[in-house]
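Please read the structure below before turning to the comments.
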Amino acid sequence: MARSSREKFEIFILAVISDRFRGAWPNFLRFLLKCLSRLYSFIMNMRLALFEHRIIRSTTLGCQVISIGNLTVGGTGKTPVVEVFARALRQNGRKVAILSRGYKKAEMPLSEKILNVLTFKSPAQEPPRVVSDGSRLLLDSEMGGDEPYMLASNLPEVCVLVDKDRVKAGRHAIQKLGCDTLILDDGFQYLKLKHRVDIVLVDRTNPFDNGFVLPRGLLRESVRHLSRATFIFITKSPGDGSPELRERIRALNDKAEIAECRHTPRHFQDVFTGGRQPLDFFRGRKIAALSGIAAPRGFEESIERLGGELVHRKRFADHHRYTQQEILDAINAARDRGAEAIITTEKDAVRLPFVERRDIPVYFLRVEIELLSGEEDFNALISRLCFK
């Protein structure tokens, strides 16, 4: 019940900041959020200044550290880009570890937290959660988080660790797992660990949201901080070169290399059996879409571009962890509307509980990154990182 209330509140706040609600009360809320945004922006600017002037020092671990992150909260398609970088570095001889915060992973039980307090055991003494040690999966999506688990599943030779303290996780990866290259998943704002390269993703369909930082908008920090980026990926590009967006980016950062990419569908895969189907398998068929991601519209439009007829859409809050009853309800609703299958995202698929009875199949759409421009710059960056 608490989770449902929290997700409803998240959806309500998103509707308010995106101006979907009109009237005196939503306008008053937006005014309050704007005041809070100014305070938040001031705090973020001060924090950055403290690190830049070395009043607060970043930790150096003596190995390659690559940050991949966003200016905005969610929705840029970051996980497939992390996968591309990790795979390229591994193929070029690096021993790679991905360090993630593990957003919305299962937390430590209250009884264990109380025991740690009573025994004076600090969080710094707890080892990070190792989702994969580079040879085998050790944790599921609930304990490790959906994105780390998905990355670990798709990258069998890459280590994946989860901890809020990524300095501690990095040390563990180096000392215990023998890693020489660290990728900070969602690490642009994580300044405690020194980055050699800052890769920032900008969503072509919604580059900087409404221009406000949290909580009035979805920006984590001011757009002018894009100047810190060393490599910028324009994601979800239609392939037209994005001239207007490039001009905006160049006004903020005139040094970073820029590449364009799109998320290209590869196949459909049954969530429960693993069976694969080609992209034209659902052409002309009635489909239901199920998602719990930050930007579901692009996912739903991709199903329609592949020829599926969407007869039902069920959206949950980002990172929603499904119950069996919710899956059964989704299956029943889809069947009642004549759908022949439910299609979800790969990120959602790792959060779906097993359901014994399925009146219609449930597939996820496997999506991979396709570089549209900047491939030479990308390959040159990988070479530099691998000392080639």
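In the structure tokens, the first chain shown is A, the next is B, and so on; residue numbers restart at 1 for each chain, and ligands run from 1 in the order shown.
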Using only C-alpha atoms, what does the table of range 201-305 of chain A residues within 8 Å of range 336-344 of chain A look like, with each row giving the shortest atom pair and its distance in Å to one decimal, sorted by chain and ascending number, as a tab-separated table?
```
residue	atom	partner	partner_atom	distance
A:Arg285	CA	A:Glu340	CA	6.8
A:Lys286	CA	A:Ala339	CA	4.7
A:Ile287	CA	A:Ala339	CA	4.8
A:Ala288	CA	A:Ile342	CA	4.7
A:Ala289	CA	A:Ile343	CA	5.1
A:Leu290	CA	A:Thr344	CA	4.9
A:Ser291	CA	A:Thr344	CA	5.6
```
TODO: Would you list the contacts of Phe354 in chain A as number ranges by chain, taking every protein, DNA or RNA residue within 10 Å and counting only C-alpha atoms, but skipping same-chain residues closer than 3 positions in sequence?
DONE: A: 271-272, 323-324, 327, 351, 357-358
Write the selection just made, keeping N, CA and C atoms, as a compact mmCIF listing (two decimals), in the first residue's frame?
```txt
# COMPACT_ATOMS: atom_id res chain seq x y z
N VAL A 271 9.43 -13.48 -22.01
CA VAL A 271 9.95 -13.18 -20.68
C VAL A 271 10.19 -14.45 -19.87
N PHE A 272 9.33 -15.45 -20.04
CA PHE A 272 9.37 -16.62 -19.17
C PHE A 272 10.03 -17.84 -19.80
N THR A 323 3.83 -7.14 -8.83
CA THR A 323 3.35 -8.28 -8.07
C THR A 323 2.72 -9.28 -9.04
N GLN A 324 2.54 -10.52 -8.58
CA GLN A 324 1.88 -11.52 -9.42
C GLN A 324 0.48 -11.08 -9.81
N ILE A 327 0.44 -8.67 -12.70
CA ILE A 327 0.68 -9.33 -14.00
C ILE A 327 -0.57 -10.06 -14.45
N ARG A 351 11.84 -7.45 -13.70
CA ARG A 351 11.06 -7.21 -12.48
C ARG A 351 9.74 -7.97 -12.48
N ARG A 357 0.18 -19.54 -14.91
CA ARG A 357 -0.84 -19.55 -15.97
C ARG A 357 -0.78 -18.25 -16.74
N ARG A 358 -0.60 -18.37 -18.06
CA ARG A 358 -0.54 -17.19 -18.92
C ARG A 358 -1.43 -17.44 -20.13
```
TODO: Please provide the set of residues having any atom within 12 Å of Leu39 in chain A, restricted to only C-alpha atoms, with same-chain residues fewer than 2 positions apart removed, written as a list of chain:residue names.
DONE: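 With the cut-off at 12 Å, the set is A:Leu32, A:Leu33, A:Lys34, A:Cys35, A:Leu36, A:Ser37, A:Ser41, A:Phe42, A:Ile43, A:Met44, A:Asn45, A:Met46, A:Phe212, A:Val213, A:Leu214, A:Pro215, A:Arg216, A:Glu221.
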Export of the given selection (N, CA and C atoms) as an mmCIF file, in the first residue's frame:
```cif
data_model
loop_
_atom_site.group_PDB
_atom_site.id
_atom_site.type_symbol
_atom_site.label_atom_id
_atom_site.label_comp_id
_atom_site.auth_asym_id
_atom_site.auth_seq_id
_atom_site.Cartn_x
_atom_site.Cartn_y
_atom_site.Cartn_z
ATOM 1 N N LEU A 32 5.549 26.954 -5.469
ATOM 2 C CA LEU A 32 6.342 26.413 -4.362
ATOM 3 C C LEU A 32 7.522 25.597 -4.887
ATOM 4 N N LEU A 33 7.258 24.761 -5.898
ATOM 5 C CA LEU A 33 8.319 23.927 -6.469
ATOM 6 C C LEU A 33 9.411 24.787 -7.110
ATOM 7 N N LYS A 34 8.998 25.898 -7.716
ATOM 8 C CA LYS A 34 9.986 26.791 -8.332
ATOM 9 C C LYS A 34 10.900 27.401 -7.275
ATOM 10 N N CYS A 35 10.327 27.770 -6.123
ATOM 11 C CA CYS A 35 11.138 28.301 -5.017
ATOM 12 C C CYS A 35 12.126 27.248 -4.522
ATOM 13 N N LEU A 36 11.644 26.018 -4.394
ATOM 14 C CA LEU A 36 12.518 24.931 -3.965
ATOM 15 C C LEU A 36 13.604 24.652 -4.999
ATOM 16 N N SER A 37 13.269 24.817 -6.273
ATOM 17 C CA SER A 37 14.248 24.603 -7.343
ATOM 18 C C SER A 37 15.411 25.578 -7.227
ATOM 19 N N SER A 41 19.149 24.409 -6.747
ATOM 20 C CA SER A 41 20.173 24.809 -7.712
ATOM 21 C C SER A 41 21.341 25.490 -7.008
ATOM 22 N N PHE A 42 21.040 26.323 -6.016
ATOM 23 C CA PHE A 42 22.094 26.995 -5.247
ATOM 24 C C PHE A 42 22.965 25.970 -4.519
ATOM 25 N N ILE A 43 22.312 24.971 -3.907
ATOM 26 C CA ILE A 43 23.049 23.932 -3.187
ATOM 27 C C ILE A 43 23.952 23.146 -4.142
ATOM 28 N N MET A 44 23.421 22.771 -5.308
ATOM 29 C CA MET A 44 24.217 22.020 -6.288
ATOM 30 C C MET A 44 25.397 22.839 -6.794
ATOM 31 N N ASN A 45 25.180 24.136 -7.025
ATOM 32 C CA ASN A 45 26.267 24.998 -7.486
ATOM 33 C C ASN A 45 27.360 25.124 -6.421
ATOM 34 N N MET A 46 26.942 25.266 -5.159
ATOM 35 C CA MET A 46 27.907 25.365 -4.075
ATOM 36 C C MET A 46 28.692 24.063 -3.924
ATOM 37 N N PHE A 212 13.960 23.796 -15.769
ATOM 38 C CA PHE A 212 14.075 23.956 -14.318
ATOM 39 C C PHE A 212 14.754 22.735 -13.712
ATOM 40 N N VAL A 213 15.497 22.968 -12.625
ATOM 41 C CA VAL A 213 16.056 21.851 -11.875
ATOM 42 C C VAL A 213 14.990 21.306 -10.939
ATOM 43 N N LEU A 214 15.312 20.167 -10.333
ATOM 44 C CA LEU A 214 14.397 19.555 -9.373
ATOM 45 C C LEU A 214 14.066 20.536 -8.244
ATOM 46 N N PRO A 215 12.832 20.543 -7.733
ATOM 47 C CA PRO A 215 11.708 19.681 -8.100
ATOM 48 C C PRO A 215 10.731 20.307 -9.099
ATOM 49 N N ARG A 216 11.017 21.559 -9.591
ATOM 50 C CA ARG A 216 10.097 22.179 -10.559
ATOM 51 C C ARG A 216 10.246 21.562 -11.943
ATOM 52 N N GLU A 221 20.860 19.338 -12.350
ATOM 53 C CA GLU A 221 21.687 20.515 -12.143
ATOM 54 C C GLU A 221 21.509 21.422 -13.355
#
```
- [ ] Tell me, as a ChimeraX atom specification, which residues lie within 12 Å of Val82 in chain A, counting only C-alpha atoms; anything in the same chain fewer than 5 positions away does not count.
- [x] /A:66-70,76-77,87-89,96-100,147-148,150-152,154-155,158,160,182-187,199-201,233,368-369
Could you write out that same residue set with C-alpha atoms as a PDB file, in the first residue's frame?
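Saved to again-v5.pdb:
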```
ATOM      1  CA  ILE A  66      34.472   6.598 -16.752  1.00  0.00           C
ATOM      2  CA  SER A  67      31.240   8.306 -15.748  1.00  0.00           C
ATOM      3  CA  ILE A  68      28.106   7.810 -17.853  1.00  0.00           C
ATOM      4  CA  GLY A  69      25.161   9.940 -16.795  1.00  0.00           C
ATOM      5  CA  ASN A  70      22.523  12.535 -17.523  1.00  0.00           C
ATOM      6  CA  THR A  76      17.572   9.112 -21.818  1.00  0.00           C
ATOM      7  CA  GLY A  77      18.211   5.431 -22.556  1.00  0.00           C
ATOM      8  CA  ARG A  87      31.412  -4.363 -23.948  1.00  0.00           C
ATOM      9  CA  ALA A  88      33.809  -2.283 -26.076  1.00  0.00           C
ATOM     10  CA  LEU A  89      36.251  -1.827 -23.192  1.00  0.00           C
ATOM     11  CA  VAL A  96      35.653  -3.788 -16.360  1.00  0.00           C
ATOM     12  CA  ALA A  97      33.415  -3.195 -13.363  1.00  0.00           C
ATOM     13  CA  ILE A  98      30.160  -1.263 -13.514  1.00  0.00           C
ATOM     14  CA  LEU A  99      29.411   0.598 -10.292  1.00  0.00           C
ATOM     15  CA  SER A 100      25.743   1.367  -9.730  1.00  0.00           C
ATOM     16  CA  GLU A 147      19.319  -2.059 -14.273  1.00  0.00           C
ATOM     17  CA  PRO A 148      22.414  -3.660 -12.646  1.00  0.00           C
ATOM     18  CA  MET A 150      20.034  -6.446 -16.687  1.00  0.00           C
ATOM     19  CA  LEU A 151      23.594  -5.268 -17.345  1.00  0.00           C
ATOM     20  CA  ALA A 152      25.050  -8.281 -15.524  1.00  0.00           C
ATOM     21  CA  ASN A 154      23.906  -9.108 -20.884  1.00  0.00           C
ATOM     22  CA  LEU A 155      27.602  -8.703 -20.012  1.00  0.00           C
ATOM     23  CA  VAL A 158      31.886  -7.700 -16.738  1.00  0.00           C
ATOM     24  CA  VAL A 160      28.629  -5.355 -11.641  1.00  0.00           C
ATOM     25  CA  LEU A 182      35.447   1.381 -13.560  1.00  0.00           C
ATOM     26  CA  ILE A 183      32.257   2.636 -15.182  1.00  0.00           C
ATOM     27  CA  LEU A 184      30.087   4.821 -12.969  1.00  0.00           C
ATOM     28  CA  ASP A 185      26.510   4.106 -14.018  1.00  0.00           C
ATOM     29  CA  ASP A 186      24.581   7.367 -13.584  1.00  0.00           C
ATOM     30  CA  GLY A 187      27.738   8.997 -12.255  1.00  0.00           C
ATOM     31  CA  ILE A 199      30.026  10.920 -20.851  1.00  0.00           C
ATOM     32  CA  VAL A 200      26.681  12.715 -20.791  1.00  0.00           C
ATOM     33  CA  LEU A 201      23.512  11.605 -22.567  1.00  0.00           C
ATOM     34  CA  PHE A 233      25.715  11.275 -26.769  1.00  0.00           C
ATOM     35  CA  GLU A 368      20.475  -2.064 -28.669  1.00  0.00           C
ATOM     36  CA  ILE A 369      22.357   1.151 -29.390  1.00  0.00           C
TER      37      ILE A 369
END
```
TODO: Skip range 375-384 of chain A itself and residues of its chain fewer than 6 positions away, then list as a PyMOL selection string all residues within 12 Å of it, counting only C-alpha atoms.
DONE: chain A and resi 64+66+81+84-94+181+196-199+230-233+256-261+369
TODO: Extract, using only C-alpha atoms, all DNA, RNA and protein residues at most 6 Å from Ala294 in chain A, discarding same-chain residues fewer than 3 positions from it, and format them as JSON, numbers by chain.
DONE: {"A": [74, 75, 318]}
TODO: Could you find all residues in range 155-242 of chain A that DSSP calls strand (DSSP E) from the backbone, and write them as a ChimeraX atom specification?
DONE: /A:159-162,181-185,197-203,231-235
Could you write out the selected residues, including N, CA and C atoms, as an mmCIF file, in the first residue's frame?
```cif
data_model
loop_
_atom_site.group_PDB
_atom_site.id
_atom_site.type_symbol
_atom_site.label_atom_id
_atom_site.label_comp_id
_atom_site.auth_asym_id
_atom_site.auth_seq_id
_atom_site.Cartn_x
_atom_site.Cartn_y
_atom_site.Cartn_z
ATOM 1 N N CYS A 159 32.093 -7.265 -14.368
ATOM 2 C CA CYS A 159 31.653 -7.239 -12.966
ATOM 3 C C CYS A 159 30.639 -6.120 -12.770
ATOM 4 N N VAL A 160 29.636 -6.368 -11.944
ATOM 5 C CA VAL A 160 28.629 -5.355 -11.641
ATOM 6 C C VAL A 160 28.452 -5.308 -10.131
ATOM 7 N N LEU A 161 28.686 -4.125 -9.552
ATOM 8 C CA LEU A 161 28.583 -3.946 -8.105
ATOM 9 C C LEU A 161 27.588 -2.846 -7.787
ATOM 10 N N VAL A 162 26.935 -2.978 -6.641
ATOM 11 C CA VAL A 162 25.909 -2.019 -6.235
ATOM 12 C C VAL A 162 26.208 -1.512 -4.831
ATOM 13 N N THR A 181 39.298 -1.017 -14.780
ATOM 14 C CA THR A 181 38.486 0.029 -15.390
ATOM 15 C C THR A 181 37.121 0.056 -14.712
ATOM 16 N N LEU A 182 36.725 1.232 -14.256
ATOM 17 C CA LEU A 182 35.447 1.381 -13.560
ATOM 18 C C LEU A 182 34.520 2.273 -14.370
ATOM 19 N N ILE A 183 33.288 1.817 -14.545
ATOM 20 C CA ILE A 183 32.257 2.636 -15.182
ATOM 21 C C ILE A 183 31.242 3.031 -14.114
ATOM 22 N N LEU A 184 31.087 4.326 -13.910
ATOM 23 C CA LEU A 184 30.087 4.821 -12.969
ATOM 24 C C LEU A 184 28.762 4.952 -13.703
ATOM 25 N N ASP A 185 27.841 4.041 -13.423
ATOM 26 C CA ASP A 185 26.510 4.106 -14.018
ATOM 27 C C ASP A 185 25.744 5.226 -13.331
ATOM 28 N N VAL A 197 36.863 10.501 -17.553
ATOM 29 C CA VAL A 197 35.998 10.862 -18.677
ATOM 30 C C VAL A 197 34.571 11.002 -18.167
ATOM 31 N N ASP A 198 33.896 12.059 -18.601
ATOM 32 C CA ASP A 198 32.484 12.261 -18.283
ATOM 33 C C ASP A 198 31.668 12.177 -19.569
ATOM 34 N N ILE A 199 30.901 11.110 -19.696
ATOM 35 C CA ILE A 199 30.026 10.920 -20.851
ATOM 36 C C ILE A 199 28.613 11.291 -20.430
ATOM 37 N N VAL A 200 28.011 12.217 -21.149
ATOM 38 C CA VAL A 200 26.681 12.715 -20.791
ATOM 39 C C VAL A 200 25.714 12.441 -21.935
ATOM 40 N N LEU A 201 24.543 11.912 -21.586
ATOM 41 C CA LEU A 201 23.512 11.605 -22.567
ATOM 42 C C LEU A 201 22.478 12.725 -22.600
ATOM 43 N N VAL A 202 22.100 13.120 -23.808
ATOM 44 C CA VAL A 202 21.068 14.136 -24.002
ATOM 45 C C VAL A 202 19.990 13.540 -24.897
ATOM 46 N N ASP A 203 18.787 13.496 -24.389
ATOM 47 C CA ASP A 203 17.657 12.908 -25.102
ATOM 48 C C ASP A 203 17.170 13.875 -26.170
ATOM 49 N N PHE A 231 32.430 13.884 -23.473
ATOM 50 C CA PHE A 231 31.830 13.201 -24.628
ATOM 51 C C PHE A 231 30.313 13.254 -24.438
ATOM 52 N N ILE A 232 29.600 13.671 -25.467
ATOM 53 C CA ILE A 232 28.144 13.830 -25.369
ATOM 54 C C ILE A 232 27.455 12.922 -26.389
ATOM 55 N N PHE A 233 26.536 12.115 -25.908
ATOM 56 C CA PHE A 233 25.715 11.275 -26.769
ATOM 57 C C PHE A 233 24.332 11.900 -26.909
ATOM 58 N N ILE A 234 23.936 12.180 -28.131
ATOM 59 C CA ILE A 234 22.546 12.553 -28.400
ATOM 60 C C ILE A 234 21.800 11.251 -28.656
ATOM 61 N N THR A 235 20.891 10.898 -27.745
ATOM 62 C CA THR A 235 20.171 9.632 -27.854
ATOM 63 C C THR A 235 18.797 9.835 -28.483
#
```
